[in-house]
Structures are given as structure tokens and as C-alpha cells.
>>> print(open('work36.txt').read())   # compact mmCIF, C-alpha atoms
# COMPACT_ATOMS: atom_id res chain seq x y z
CA MET A 1 92.00 -29.56 8.82
CA GLU A 2 90.74 -32.64 7.01
CA ASN A 3 92.43 -34.69 4.31
CA ILE A 4 95.97 -33.62 5.18
CA GLN A 5 98.45 -34.47 2.43
CA ARG A 6 102.21 -35.02 2.54
CA GLU A 7 102.81 -31.69 0.79
CA ASP A 8 100.79 -29.84 3.45
CA ILE A 9 102.99 -31.22 6.23
CA TYR A 10 106.16 -30.33 4.33
CA ILE A 11 104.95 -26.75 3.81
CA ILE A 12 104.08 -26.38 7.50
CA SER A 13 107.46 -27.80 8.53
CA ARG A 14 109.33 -25.26 6.38
CA HIS A 15 107.43 -22.31 7.83
CA SER A 16 107.24 -23.34 11.48
CA ASN A 17 109.44 -24.51 14.35
CA LEU A 18 107.94 -27.99 14.65
CA SER A 19 110.37 -30.63 15.81
CA GLU A 20 111.29 -33.65 13.73
CA GLN A 21 109.39 -35.90 16.16
CA LYS A 22 106.14 -33.95 15.66
CA ILE A 23 106.57 -33.92 11.90
CA GLU A 24 107.21 -37.66 11.88
CA LYS A 25 104.15 -38.23 14.06
CA SER A 26 102.01 -36.15 11.69
CA LEU A 27 103.22 -38.20 8.73
CA VAL A 28 102.45 -41.45 10.57
CA ASP A 29 98.98 -40.27 11.63
CA HIS A 30 97.83 -38.68 8.37
CA VAL A 31 99.98 -39.96 5.47
CA TYR A 32 101.65 -43.32 6.09
CA HIS A 33 99.60 -46.49 5.94
CA SER A 34 99.45 -48.63 9.05
CA LYS A 35 100.97 -52.08 9.41
CA ALA A 36 97.52 -53.68 9.32
CA ALA A 37 96.67 -51.87 6.07
CA TRP A 38 99.88 -53.07 4.44
CA LYS A 39 99.18 -56.66 5.58
CA LYS A 40 95.69 -56.51 4.11
CA PHE A 41 96.98 -55.06 0.84
CA LEU A 42 99.74 -57.65 0.48
CA ARG A 43 97.38 -60.50 1.34
CA LEU A 44 94.84 -59.47 -1.30
CA PHE A 45 97.54 -58.59 -3.83
CA ILE A 46 99.30 -61.94 -3.52
CA LEU A 47 95.98 -63.79 -3.65
CA SER A 48 94.91 -61.86 -6.77
CA LEU A 49 98.30 -62.47 -8.37
CA GLY A 50 98.10 -66.19 -7.58
CA ILE A 51 94.59 -66.54 -9.00
CA GLY A 52 95.57 -64.57 -12.10
CA PHE A 53 98.70 -66.65 -12.77
CA THR A 54 96.73 -69.84 -12.17
CA VAL A 55 94.08 -68.89 -14.73
CA CYS A 56 96.77 -67.84 -17.23
CA GLY A 57 98.55 -71.15 -16.63
CA ILE A 58 95.36 -73.07 -17.35
CA VAL A 59 94.81 -71.17 -20.59
CA PHE A 60 98.41 -71.73 -21.76
CA PHE A 61 98.19 -75.39 -20.72
CA PHE A 62 95.29 -75.96 -23.10
CA ALA A 63 96.96 -73.91 -25.84
CA TYR A 64 100.25 -75.84 -25.63
CA ASN A 65 98.83 -79.36 -25.17
CA TRP A 66 95.71 -78.99 -27.30
CA VAL A 67 96.65 -81.51 -29.99
CA ASN A 68 97.76 -84.20 -27.52
CA LEU A 69 94.68 -84.04 -25.27
CA HIS A 70 91.56 -86.16 -25.71
CA LYS A 71 88.18 -84.43 -25.90
CA PHE A 72 87.13 -85.91 -22.56
CA ALA A 73 90.39 -84.76 -20.96
CA LYS A 74 89.99 -81.22 -22.29
CA LEU A 75 86.45 -80.81 -20.97
CA GLY A 76 87.14 -82.81 -17.80
CA ILE A 77 90.14 -80.73 -16.75
CA ALA A 78 88.38 -77.43 -17.40
CA GLU A 79 85.18 -78.45 -15.63
CA GLY A 80 87.07 -80.04 -12.74
CA LEU A 81 89.04 -76.84 -12.15
CA LEU A 82 85.82 -74.82 -12.25
CA ILE A 83 84.18 -77.11 -9.68
CA LEU A 84 87.28 -76.95 -7.47
CA THR A 85 87.43 -73.16 -7.49
CA THR A 86 83.68 -72.94 -6.83
CA ILE A 87 84.05 -75.24 -3.80
CA LEU A 88 86.80 -72.98 -2.44
CA VAL A 89 84.35 -70.07 -2.47
CA VAL A 90 82.03 -71.75 0.08
CA LEU A 91 84.81 -72.63 2.54
CA PRO A 92 84.27 -70.67 5.78
CA LYS A 93 87.96 -70.05 6.52
CA ILE A 94 88.45 -67.87 3.44
CA SER A 95 87.75 -64.15 3.85
CA ASP A 96 85.01 -62.39 1.92
CA ASN A 97 87.48 -60.57 -0.32
CA GLY A 98 89.33 -63.82 -0.94
CA LYS A 99 86.07 -65.51 -1.97
CA LYS A 100 85.29 -62.68 -4.37
CA ILE A 101 88.74 -62.92 -5.96
CA ILE A 102 88.40 -66.69 -6.35
CA LEU A 103 84.92 -66.24 -7.83
CA THR A 104 86.37 -63.80 -10.36
CA GLY A 105 88.91 -66.46 -11.36
CA ALA A 106 86.08 -69.01 -11.63
CA SER A 107 84.20 -66.60 -13.91
CA VAL A 108 87.20 -66.52 -16.23
CA LEU A 109 87.25 -70.34 -16.19
CA VAL A 110 83.66 -70.33 -17.45
CA GLY A 111 84.94 -68.60 -20.56
CA VAL A 112 87.73 -71.18 -20.82
CA ILE A 113 85.17 -73.99 -20.75
CA PHE A 114 83.09 -72.39 -23.50
CA ALA A 115 86.24 -71.79 -25.55
CA VAL A 116 87.30 -75.43 -25.15
CA PHE A 117 83.82 -76.63 -26.07
CA GLY A 118 83.74 -74.31 -29.08
CA GLN A 119 87.13 -75.51 -30.34
CA ILE A 120 86.24 -79.17 -29.93
CA TYR A 121 82.88 -79.00 -31.69
CA GLN A 122 83.74 -76.06 -33.97
CA THR A 123 80.90 -73.86 -32.73
CA GLY A 124 82.96 -70.73 -33.28
CA ALA A 125 84.95 -69.47 -30.30
CA ASN A 126 85.11 -65.98 -31.79
CA ALA A 127 81.34 -65.69 -32.37
CA TYR A 128 79.19 -63.26 -30.44
CA ASP A 129 77.19 -66.07 -28.83
CA PHE A 130 80.35 -67.30 -27.11
CA PHE A 131 80.64 -64.02 -25.19
CA LEU A 132 76.85 -63.88 -24.75
CA ALA A 133 76.78 -67.31 -23.11
CA TRP A 134 79.79 -66.37 -20.97
CA SER A 135 77.98 -63.23 -19.78
CA VAL A 136 74.72 -65.06 -19.05
CA PHE A 137 76.26 -67.89 -17.07
CA ILE A 138 78.24 -65.63 -14.74
CA SER A 139 75.44 -63.09 -14.20
CA LEU A 140 74.34 -64.61 -10.90
CA TRP A 141 77.91 -64.66 -9.57
CA VAL A 142 78.35 -61.00 -10.54
CA LEU A 143 75.22 -59.98 -8.65
CA VAL A 144 76.02 -62.08 -5.58
CA ALA A 145 79.70 -61.10 -5.32
CA ASN A 146 79.18 -57.39 -6.10
CA PHE A 147 82.93 -57.17 -6.71
CA ALA A 148 84.30 -54.32 -8.84
CA PRO A 149 86.84 -56.38 -10.91
CA LEU A 150 84.13 -58.96 -11.62
CA TRP A 151 81.72 -56.22 -12.65
CA LEU A 152 84.42 -54.83 -14.95
CA LEU A 153 84.86 -58.27 -16.57
CA TYR A 154 81.10 -58.57 -16.94
CA LEU A 155 80.82 -55.15 -18.57
CA TYR A 156 83.70 -56.01 -20.93
CA LEU A 157 81.90 -59.17 -22.02
CA ILE A 158 78.66 -57.28 -22.67
CA ASN A 159 80.49 -54.66 -24.76
CA THR A 160 82.29 -57.36 -26.73
CA THR A 161 79.04 -59.25 -27.32
CA ILE A 162 77.33 -56.19 -28.80
CA ILE A 163 80.30 -55.30 -31.01
CA LEU A 164 80.60 -58.86 -32.38
CA TYR A 165 76.83 -59.10 -32.87
CA ALA A 166 76.91 -55.93 -34.93
CA GLN A 167 79.81 -57.27 -37.02
CA GLN A 168 78.54 -60.84 -37.52
CA VAL A 169 74.73 -60.65 -37.45
CA ALA A 170 73.33 -57.12 -37.55
CA LYS A 171 75.54 -55.96 -40.39
CA ASP A 172 73.08 -53.19 -41.26
CA TRP A 173 73.77 -51.45 -37.94
CA SER A 174 75.83 -48.33 -38.48
CA GLY A 175 78.87 -47.45 -36.43
CA VAL A 176 77.01 -44.49 -34.90
CA PHE A 177 74.14 -46.75 -33.79
CA VAL A 178 76.51 -49.27 -32.20
CA CYS A 179 78.42 -46.54 -30.38
CA THR A 180 75.13 -45.06 -29.16
CA ILE A 181 74.06 -48.40 -27.66
CA LEU A 182 77.45 -48.90 -26.00
CA PHE A 183 77.44 -45.33 -24.71
CA LEU A 184 73.99 -45.83 -23.16
CA ILE A 185 74.96 -49.13 -21.52
CA ASN A 186 78.19 -47.84 -20.00
CA SER A 187 76.57 -44.56 -18.94
CA ALA A 188 73.72 -46.46 -17.26
CA VAL A 189 76.20 -48.61 -15.32
CA LEU A 190 78.15 -45.50 -14.32
CA ILE A 191 75.02 -43.68 -13.12
CA LEU A 192 73.79 -46.69 -11.14
CA ALA A 193 77.21 -47.20 -9.55
CA THR A 194 77.56 -43.49 -8.72
CA VAL A 195 74.05 -42.93 -7.35
CA PHE A 196 73.28 -46.19 -5.54
CA ILE A 197 76.59 -47.82 -4.58
CA ARG A 198 79.04 -44.90 -4.58
CA LYS A 199 80.49 -45.88 -1.21
CA GLU A 200 81.16 -49.46 -2.36
CA ALA A 201 82.26 -48.71 -5.93
CA PRO A 202 86.00 -47.88 -6.04
CA GLY A 203 87.13 -44.76 -7.82
CA TRP A 204 89.17 -46.62 -10.43
CA PHE A 205 86.07 -48.60 -11.48
CA LEU A 206 83.99 -45.45 -11.95
CA LYS A 207 86.78 -43.81 -13.93
CA ILE A 208 87.25 -46.80 -16.26
CA VAL A 209 83.52 -47.06 -16.96
CA GLY A 210 83.29 -43.29 -17.43
CA LEU A 211 86.26 -43.34 -19.80
CA ALA A 212 84.61 -46.15 -21.80
CA ALA A 213 81.35 -44.19 -22.10
CA ILE A 214 83.17 -41.03 -23.18
CA SER A 215 85.26 -43.01 -25.70
CA TYR A 216 82.15 -44.54 -27.33
CA ALA A 217 80.46 -41.13 -27.46
CA THR A 218 83.55 -39.57 -29.05
CA ILE A 219 83.98 -42.36 -31.61
CA GLY A 220 80.28 -42.33 -32.50
CA ILE A 221 80.15 -38.56 -33.01
CA VAL A 222 83.35 -38.57 -35.10
CA ILE A 223 81.91 -41.35 -37.29
CA GLY A 224 78.67 -39.40 -37.64
CA ILE A 225 80.57 -36.27 -38.68
CA LEU A 226 82.77 -37.99 -41.26
CA GLU A 227 80.07 -40.24 -42.75
CA LYS A 228 76.63 -39.50 -44.21
CA TYR A 229 73.86 -38.09 -42.03
CA GLN A 230 71.90 -40.47 -39.77
CA ALA A 231 68.95 -39.74 -37.49
CA VAL A 232 70.57 -41.57 -34.57
CA PHE A 233 73.50 -39.15 -34.84
CA LEU A 234 71.35 -36.30 -33.46
CA LEU A 235 70.22 -38.55 -30.59
CA LEU A 236 73.84 -39.36 -29.74
CA ILE A 237 74.76 -35.66 -29.74
CA LEU A 238 71.83 -34.85 -27.46
CA LEU A 239 72.60 -37.66 -25.00
CA THR A 240 76.31 -36.84 -25.04
CA GLY A 241 75.63 -33.16 -24.35
CA ILE A 242 73.41 -34.02 -21.37
CA ALA A 243 75.92 -36.54 -20.01
CA TYR A 244 78.89 -34.19 -20.44
CA GLY A 245 77.04 -31.33 -18.75
CA PHE A 246 76.05 -33.51 -15.80
CA ALA A 247 79.58 -34.94 -15.48
CA ILE A 248 81.19 -31.48 -15.47
CA TRP A 249 78.65 -30.23 -12.91
CA GLN A 250 79.35 -33.24 -10.70
CA ALA A 251 83.11 -32.76 -11.08
CA VAL A 252 82.90 -29.13 -9.98
CA ILE A 253 80.79 -30.04 -6.95
CA THR A 254 83.04 -32.91 -5.85
CA LYS A 255 86.23 -31.05 -6.87
CA ALA A 256 87.44 -33.93 -9.04
CA THR A 257 89.50 -33.19 -12.14
CA PHE A 258 89.01 -36.48 -14.00
CA TYR A 259 85.99 -35.45 -16.08
CA LEU A 260 87.29 -31.89 -16.34
CA SER A 261 90.31 -33.33 -18.17
CA VAL A 262 88.74 -36.18 -20.18
CA ILE A 263 85.67 -34.35 -21.53
CA PRO A 264 87.63 -31.37 -22.97
CA PHE A 265 89.94 -33.79 -24.79
CA SER A 266 86.88 -35.53 -26.19
CA LEU A 267 85.51 -32.18 -27.40
CA ILE A 268 88.88 -31.35 -28.96
CA ILE A 269 88.76 -34.58 -30.98
CA ILE A 270 85.17 -33.92 -32.06
CA ILE A 271 85.88 -30.32 -33.11
CA SER A 272 89.00 -31.45 -34.99
CA ALA A 273 86.95 -34.01 -36.92
CA LEU A 274 84.38 -31.31 -37.72
CA LEU A 275 87.08 -28.95 -39.02
CA ILE A 276 88.53 -31.70 -41.22
CA LYS A 277 85.04 -32.45 -42.57
CA ILE A 278 84.30 -28.79 -43.31
CA SER A 279 87.65 -28.22 -45.04
CA ASP A 280 87.43 -31.50 -46.95
CA GLY A 281 90.83 -32.56 -45.58
CA GLU A 282 92.69 -29.33 -46.45
CA MET A 283 93.16 -27.87 -42.97
CA PHE A 284 95.50 -30.37 -41.36
CA LEU A 285 98.02 -27.68 -40.38
CA PHE A 286 95.31 -25.51 -38.83
CA VAL A 287 93.78 -28.52 -37.06
CA SER A 288 97.20 -29.47 -35.66
CA MET A 289 97.69 -25.94 -34.32
CA PHE A 290 94.17 -25.99 -32.87
CA ILE A 291 94.87 -29.27 -31.06
CA LEU A 292 98.15 -28.00 -29.58
CA ALA A 293 96.60 -24.71 -28.46
CA SER A 294 93.52 -26.40 -27.01
CA ILE A 295 95.50 -28.96 -25.06
CA THR A 296 97.71 -26.20 -23.66
CA VAL A 297 94.66 -24.23 -22.50
CA VAL A 298 93.09 -27.32 -20.91
CA ILE A 299 96.27 -28.23 -19.03
CA LYS A 300 96.72 -24.66 -17.77
CA TYR A 301 93.09 -24.57 -16.62
CA LEU A 302 93.48 -27.87 -14.76
CA ILE A 303 96.63 -26.68 -13.01
CA ASP A 304 94.97 -23.41 -11.97
CA ILE A 305 91.80 -25.08 -10.68
CA GLN A 306 93.82 -27.68 -8.74
CA LYS A 307 95.73 -24.86 -7.02
CA LYS A 308 92.46 -23.07 -6.26
CA TRP A 309 90.87 -26.17 -4.74
CA ALA A 310 94.02 -26.95 -2.77
CA ASN A 311 93.95 -23.50 -1.17
CA GLU A 312 90.27 -23.89 -0.26
CA LYS A 313 90.93 -27.04 1.83
>>> encode(input="work36.txt", output="C-alpha cells")
Amino acid sequence: MENIQREDIYIISRHSNLSEQKIEKSLVDHVYHSKAAWKKFLRLFILSLGIGFTVCGIVFFFAYNWVNLHKFAKLGIAEGLLILTTILVVLPKISDNGKKIILTGASVLVGVIFAVFGQIYQTGANAYDFFLAWSVFISLWVLVANFAPLWLLYLYLINTTIILYAQQVAKDWSGVFVCTILFLINSAVLILATVFIRKEAPGWFLKIVGLAAISYATIGIVIGILEKYQAVFLLLILLTGIAYGFAIWQAVITKATFYLSVIPFSLIIIISALLIKISDGEMFLFVSMFILASITVVIKYLIDIQKKWANEK
């Protein structure tokens, strides 16, 4: 029996005459993490926490002492810290995971440097080109490190760049068009990570990217329903339908309930927006009842399918 869970051992212990020693041994072998695993987790956790607090401290340092610092001091401190963290990455005594965490902190410092430069010379720290430059200058580090948190930061910067570009430059872009672009980008990253580097990509990364893609698809379709007709709206519906069908098929094969729970909720939101549009805002009570009933059905289905899959193991 593979993938033995804590609940399985408890059920067996209640319906058998296993001794406490055998039950404890089963828990140690199949459920509890080893001492080495805990050491590795604590080492990486403390290192990540230290790097994160250090970066936050640097940001708050500039925010609190901004008026009293000279321009040369502002740029010098930021660039010096970036050089120092980059040097730490090439030290041989630091583990590979430690180097990746430090490189992630250095990538955040790149954004700090651009923010400092933008505030000094009034180039616009909130402009889209700030996030574009940040994304471009850490691209090589992202590819070399191949570290999930760094990829997540990189994807966040790309999404922010596109949203700000649409707001500040391409003002004729509709909300549906922007959501379609963001949906395609996040879906492409999810497909590449799932197909080519599934073993290296952690589950939480795939779920966050998948949730982002589904959110953009849902927002775009709702905007398309409530606003005037656009040709790109049909394209978004087609792409969303294909993506949702593939995700549900993959979830059934792998027996994972994430997409089986997220996609129905997305469809509930879309159908609710359609009902409101059809009724011209006069069916709020009916829509509320539809949402409650639909969520109840989805939850019951998820509970039933989890029990079915658990019995098949």
C-alpha cells in the first residue's frame, strides 16, 4: 500500500490487534518527518526569513532616512548591498538552495535600486517601465537559478508591467483584451512548468500560477458579459473553455481536487454575471440563491469524490 496517511494507520489500529510499538513504528516510517528533513527545513526557513527581513529592513531604511541621505549615499548603499549579496552567491561553502534564496533577495534589491534611482531623478517609480526594467535585469538570474519563488516574483513583475502599460500607455486596450493577454501568459507558464519541469516545480507554485490564470479568465469574461461586445471576448471564451476542459481532465487523471474546486467556482461567478446581465440587475435574490445552491453542490461533489479516491488507494 503506497502513500499511507495518518488516518489510514488510525483506522487500521482501531480494527486490528496491532501493538502500540508497531503503530508507532508505522507512524515513524510513513508519516513523521525524519530528523534530517526537519534540519533541512529549519535551515532553509531561517535563511529565507533572514533574507526577507534583511530586504525589508533595507527598504524601510531608505523610506525612513530618505530626506537625510545624499544622492550618492542612497545609490551607493543600494548598489553596495546588491554587490555584496551577489558575491555571497558565488561562495562555495553556501549550499545550492542557500544560493538561490540569496539570489532571490538580490533580485528584490534590483527593484530597490531602480526605485531609489527613480525617486532621485523623478523618472516615475510607479511607471510601467520601472517594472519592465526590473524584469529584464533579473531575467538571467531567473533562468540560471530556476528557483520557484524567484520565478513567482518574475511572473508577478511581468503581470504588473502589462497592467501598468495598459493603464498608462495603451489606454485604448479594453479590460477583456488585457485579461486575455494575462491569461495566455500565465497559462503558458503553467503548461511549460507542468509538462517540462513537473518534477522540479513545487505544487504550490503550479497552484498559484493556475489560480492566477483562472482569475484573469474569470475577470475578463465577466467584463465582457457586462460591457459591450468585443471580438476578443469570443477568443477568451474559446481559450478558457479549452483550458478548463484540459485542467479538469488532468485533475481527474491525477486525482487532484484543486482544479475541480477552483474551476466550478469560476463558472459560478461567470453564470451569475450572465444572469445579472440578462435580468438587467433585477434578479439579485435569484442569483444569490443560485450561488448558494451551486456552492453546496460543488462542495458535496468534492467530498464524495475525495472519499471515492481514498477508497481506491
>>> residues_near_point(input="work36.txt", point="(83.5, -32.6, -32.4)", cutoff="10 Å", atoms="all atoms listed in the file", output="NGL selection string")
:A and (218-219 or 221-222 or 224-225 or 237 or 266-275)
>>> closest_atom_pairs(input="work36.txt", of="stretch 115-185 of chain A", to="stretch 84-92 of chain A", cutoff="12 Å", atoms="all atoms listed in the file", output="tab-separated table")
residue	atom	partner	partner_atom	distance
A:Trp141	CA	A:Thr86	CA	10.5
A:Val144	CA	A:Val89	CA	12.0
A:Ala145	CA	A:Val89	CA	10.5
>>> residues_around(input="work36.txt", residues="A:Cys179", least_positions_apart="6", cutoff="8 Å", atoms="all atoms listed in the file", output="ChimeraX atom specification")
/A:216-217,219-220
>>> residues_around(input="work36.txt", residues="stretch 131-135 of chain A", least_positions_apart="5", cutoff="6 Å", atoms="only C-alpha atoms", output="PyMOL selection string")
chain A and resi 111+157+161
>>> atom_distance(input="work36.txt", atom1="atom CA of A:Leu235", atom2="atom CA of A:Val209")
20.9 Å
>>> residues_around(input="work36.txt", residues="A:Ala148", least_positions_apart="5", cutoff="8 Å", atoms="all atoms listed in the file", output="PDB file with C-alpha atoms, in the coordinates of the input")
ATOM      1  CA  ALA A 201      82.260 -48.710  -5.930  1.00  0.00           C
ATOM      2  CA  PRO A 202      86.000 -47.880  -6.040  1.00  0.00           C
ATOM      3  CA  PHE A 205      86.070 -48.600 -11.480  1.00  0.00           C
TER       4      PHE A 205
END
>>> residues_near_point(input="work36.txt", point="(79.3, -52.6, -19.1)", cutoff="12 Å", atoms="all atoms listed in the file", output="count of residues only")
38
>>> residues_around(input="work36.txt", residues="A:Ala106", least_positions_apart="2", cutoff="8 Å", atoms="all atoms listed in the file", output="PyMOL selection string")
chain A and resi 82+85-86+102-104+108-110
>>> atom_distance(input="work36.txt", atom1="atom CA of A:Ser261", atom2="atom CA of A:Asp304")
12.6 Å
>>> atom_distance(input="work36.txt", atom1="atom CA of A:Lys99", atom2="atom CA of A:Leu140")
14.8 Å
>>> closest_residue(input="work36.txt", among="A:Phe147, A:Phe233, A:Phe114, A:Phe265", to="A:Leu75", atoms="only C-alpha atoms")
A:Phe114
>>> closest_residue(input="work36.txt", among="A:Gln250, A:Lys307, A:Ser174, A:Ser294", to="A:Ala231", atoms="all atoms listed in the file")
A:Ser174
>>> residues_around(input="work36.txt", residues="stretch 257-259 of chain A", least_positions_apart="3", cutoff="7 Å", atoms="all atoms listed in the file", output="list in words")
Ala247, Ile248, Ala251, Val262 and Ile263 of chain A
